[in-house]
Amino acid sequence: MSIINPEHPASSRLLDTAEVADILHISERQVARLRQSGKLKCVRITGAAARHTPAQVEAFIAAHSNDA
């Protein structure tokens, strides 16, 4: 299951922390903690700025899903 509509023009763009927080229904700080712990992969834009691909967010969801 894809969380991002592949037909939407923005589906191939990088997601910022706020967008990922909205998708996961958590705070931006929680997204940052997941990223810092290595549980949520990211693309580093600069030393401090990070973005996420839709595939990285989907992989995180799949890895933490109880569906077997």
# chains A, B, ... in the order shown; residues from 1 in each chain; ligands from 1
call {"tool": "residues_around", "arguments": {"residues": "region 32-38 of chain A", "least_positions_apart": "5", "cutoff": "12 Å", "atoms": "only C-alpha atoms", "output": "MDAnalysis selection string"}}
result
chainID A and resid 16:18 20:21 24 26:27 43:44 48:52 56:57 60:61 64
call {"tool": "select_by_dssp", "arguments": {"residues": "chain A", "states": "helix (DSSP H, G or I)", "output": "count of residues only"}}
result
32
call {"tool": "select_by_dssp", "arguments": {"residues": "region 12-67 of chain A", "states": "strand (DSSP E)", "output": "JSON list (two decimals) with C-alpha atoms, in the first residue's frame"}}
result
[["chain", "number", "residue", "atom", "x", "y", "z"],
["A", 43, "VAL", "CA", 18.27, 12.53, 2.54],
["A", 44, "ARG", "CA", 20.57, 15.21, 3.95],
["A", 50, "ALA", "CA", 16.89, 16.68, 6.05],
["A", 51, "ARG", "CA", 14.15, 15.49, 3.72]]
